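Asker: Before anything else, here's the structure in question.
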Amino acid sequence: MTYIGIIITFVFINNFILTQFLGLCPFIGVSKNVESATGMGFAVIFVMALASITTWAIYNLILIPLNIEFLQTITFILVIAGLVQFVEMVIQKVSPPLYKALGIYLPLITTNCAVLGIALINVRSGYNALESFVAGIAAGVGFLLAIVLMSTIREKLNNEWIPKYFRGIPIAFITGGLMALAFMAFDKALLNNLIG
Amino acid sequence: MIFRVIYSFLSVAILGGLLGIGLAFASRVLAVKKDERIEEVESALPGANCGACGFAGCAAYAEAIVKEGAEINLCSPGGSDAVKAIAEIMGLDADVGSGERMVAQVHCRGSKATSSYLYAYRGVKDCNAVHMLFEGDKECKYGCLGLGSCIKVCPTDAIYYDEEGLVRVDRNKCIGCEQCVNVCPTGVMKMVPYSADYIVACNSNDKGAKVRKYCKVGCIGCKICEKKSPEGGFQVEDFLAHLDYSQQGDRTAAAQACPAKCIILADDSLKVKKVTETEKSREEKEKKAVNEKA
């Protein structure tokens with residue numbers, strides 16, 4: 001049950017983009033069309049799952065035994081960046097099609113605050129290894145949901161008449177704001193009603 | 001206390017060092033060999049990523065040339081220069097092809113002022129959208145719908161609205177990628193040689209009497225152009241004058257004699273203005289005639 005709770009929490013209630021406002025840069029930058037938004041979303045799921053599990057290991061196997069938990073932020077940044085770089089190389093070597101689909105997005109998200117955010121939130125929530133992993137995937141799915149919704153709306157907006165000064169980024173910000181308002185409807189009460 | 005400082009320093013230093021060495025090692029082991037010719041071919045291409053070659057951009061085309069042996073003369077924006085450069089890199093014979101540079105031209109001059117419309121369209125500004133409703137809002141089913149889908153797809157901004165609201169192509173900016181030809185629902189956008197002096201700015205295959213009813217500037221198939229410029233390569237087929245651009249004869253006489261004034265200069269906005277002036281004076285005359293009758 002805790003896993004279902006974690007998934008619902010990170011996809012809807014604490015959606016990274018629309019509720020916690022983390023990772024807004026790709027949310028605005030890569031949401032111009034559905035195709036690249038989907039690619040970005042899956043890359044984020046991949047990196048978040050990977051980052052959750054490795055940062056859990058770093059935190060529990062290195063930082064806690066040495067009693068230096070205050071270094072979590074800087075070590076997490078270091079480890080995530082190095083890891084994503086390494087994974088990018090492996091994908092390029094092993095699977096060129098996957099590299100073409102995800103490759104250009106991977107460097108973009110090495111130092112994304114959403115990825116660092118999930119690592120820090122996992123630590124703060126005291127999740128175990130599997131819970132951290134599930135939380136990473138769920139947070140990525142939440143990101144995918146938000147960015148795909150946004151890109152679909154923006155594609156439709158392309159065919160609509162918009163007042164001159166709202167065209168482009170301004171209307172995207174307004175759209176994002178309205179979507180965030182809508183996501184405010186998901187709160188803890190929803191979780192309590194669903195799984196008690 | 002001092003131990004915590006040392007621990008922190010050492011752990012971050014070791015972690016960073018390990019990651020750095022690991023990455024350096026990985027980049028050596030996992031290095032992907034790249035064919036240098038791909039980059040060379042790509043730099044020989046114009047880099048407009050227009051897709052005229054049938055591949056997803058210049059990089060994909062360069063890769064296809066080197067790896068899959070794709071034809072090297074598919075890039076119309078690059079023209080013969082690009083073909084020669086690629087041939088040199090790949091060690092192939094330069095087969096330049098036809099050689100003549102082709103540009104797109106709109107074969108219609110029917111505007112709100114000169115053509116009649118079936119209904120007032122207020123939907124999405126897209127030619128293919130309006131074309132779904134009774135093949136467009138114009139009574140003429142062959143003409144330019146004027147909502148500028150071609151302007152949106154043009155990679156070089158060569159297509160624009162002139163002062164009359166007509167869609168026109170700047171042939172010096174046009175790279176001949178044919179994207180506008182593919183997006184146009186009525187087929188009014190056609191490729192002509194860059195050197196063409198005149199074009200027949202009408203696409204209607206309707207009979208002359210019908211054309212006259214819905215368009216003041218449509219070709220009525222009167223064959224005056226054939227007679228006035230016999231060397232000009234004009235030929236009327238299906239009630240529409242066609243131009244054989246391989247004929248080099250003078251076409252000015254035909255353009256001046258054309259009753260619908262739809263034989264226009266391929267690239268001269270000044271002359272188009274003059275035509276509209278004569279049109280205006282003709283309209284005034286018609287009005288006067290109507291007044292006099294009344």
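Chain identifiers are assigned as A, B, and so on, following the order in which chains appear in the structure tokens; residues are numbered from 1 within each chain, and ligands are numbered from 1 in order of appearance.
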At a cut-off of 12 Å, which residues of chain B touch chain A? Count only C-alpha atoms and give the answer as a ChimeraX atom specification.
Answerer: /B:1,3-34,60,122-126,129,149,152
Asker: Please, what distance in Å, to one decimal, runs between atom CA of Ala257 of chain B and atom CA of Val200 of chain B?
Answerer: 13.0 Å
Asker: Could you go through segment 3-210 of chain B and tell me which residues DSSP, when run on the backbone, assigns to strand (DSSP E), listing them as a PyMOL selection string?
Answerer: chain B and resi 102-106+159-161+167-169+189-193+198-200
Asker: Based on DSSP run over this structure's backbone, return all residues of segment 30-187 of chain A in helix (DSSP H, G or I), as a PyMOL selection string.
Answerer: chain A and resi 34-63+69-94+96-102+106-109+113-125+129-157+164-166+169-183
Asker: Any idea what's packed within 8 Å of Ile6 of chain A, counting only C-alpha atoms, ignoring anything in its chain fewer than 6 positions away? Could you give it as a list in words?
Answerer: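 Result of the neighbour search: Glu131, Val134, Ala135 and Ala138 of chain A.
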Asker: Would you output that residue set with N, CA and C atoms, as a compact mmCIF listing (two decimals), in the first residue's frame?
Answerer:
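Output file again_15.txt follows:
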# COMPACT_ATOMS: atom_id res chain seq x y z
N GLU A 131 11.57 1.96 -2.01
CA GLU A 131 10.66 3.12 -1.96
C GLU A 131 11.26 4.31 -2.71
N VAL A 134 10.84 3.65 -6.44
CA VAL A 134 9.45 3.87 -6.88
C VAL A 134 9.13 5.37 -6.89
N ALA A 135 9.59 6.08 -5.86
CA ALA A 135 9.34 7.52 -5.81
C ALA A 135 9.98 8.21 -7.01
N ALA A 138 7.85 7.48 -10.04
CA ALA A 138 6.56 8.19 -9.95
C ALA A 138 6.75 9.67 -10.21
Asker: Leu50 of chain A: which residues within 9 Å, counting only C-alpha atoms, same-chain residues fewer than 6 positions away excluded, as a PDB file with C-alpha atoms, in the first residue's frame?
Answerer:
ATOM      1  CA  ILE A  80      24.066  12.439 -10.590  1.00  0.00           C
ATOM      2  CA  LEU A  83      26.230   8.955 -13.589  1.00  0.00           C
ATOM      3  CA  VAL A  84      24.122  10.549 -16.324  1.00  0.00           C
ATOM      4  CA  PHE A 133      13.267   3.866  -6.625  1.00  0.00           C
ATOM      5  CA  GLY A 136      11.880   8.347  -8.541  1.00  0.00           C
ATOM      6  CA  ILE A 137       9.818   6.657 -11.234  1.00  0.00           C
TER       7      ILE A 137
END
Asker: So what do you get for atom CA of Asn112 of chain A versus atom CA of Cys25 of chain A, distance-wise?
Answerer: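 Between these atoms lies a distance of 8.4 Å.
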Asker: So what do you get for atom CA of Ala51 of chain A versus atom CA of Phe21 of chain A, distance-wise?
Answerer: 19.1 Å
Asker: Would you please work out which residue, of B:Glu231, B:Asp170, B:Asp197, B:Asp206, is nearest to Val106 of chain B when using only C-alpha atoms?
Answerer: B:Asp170
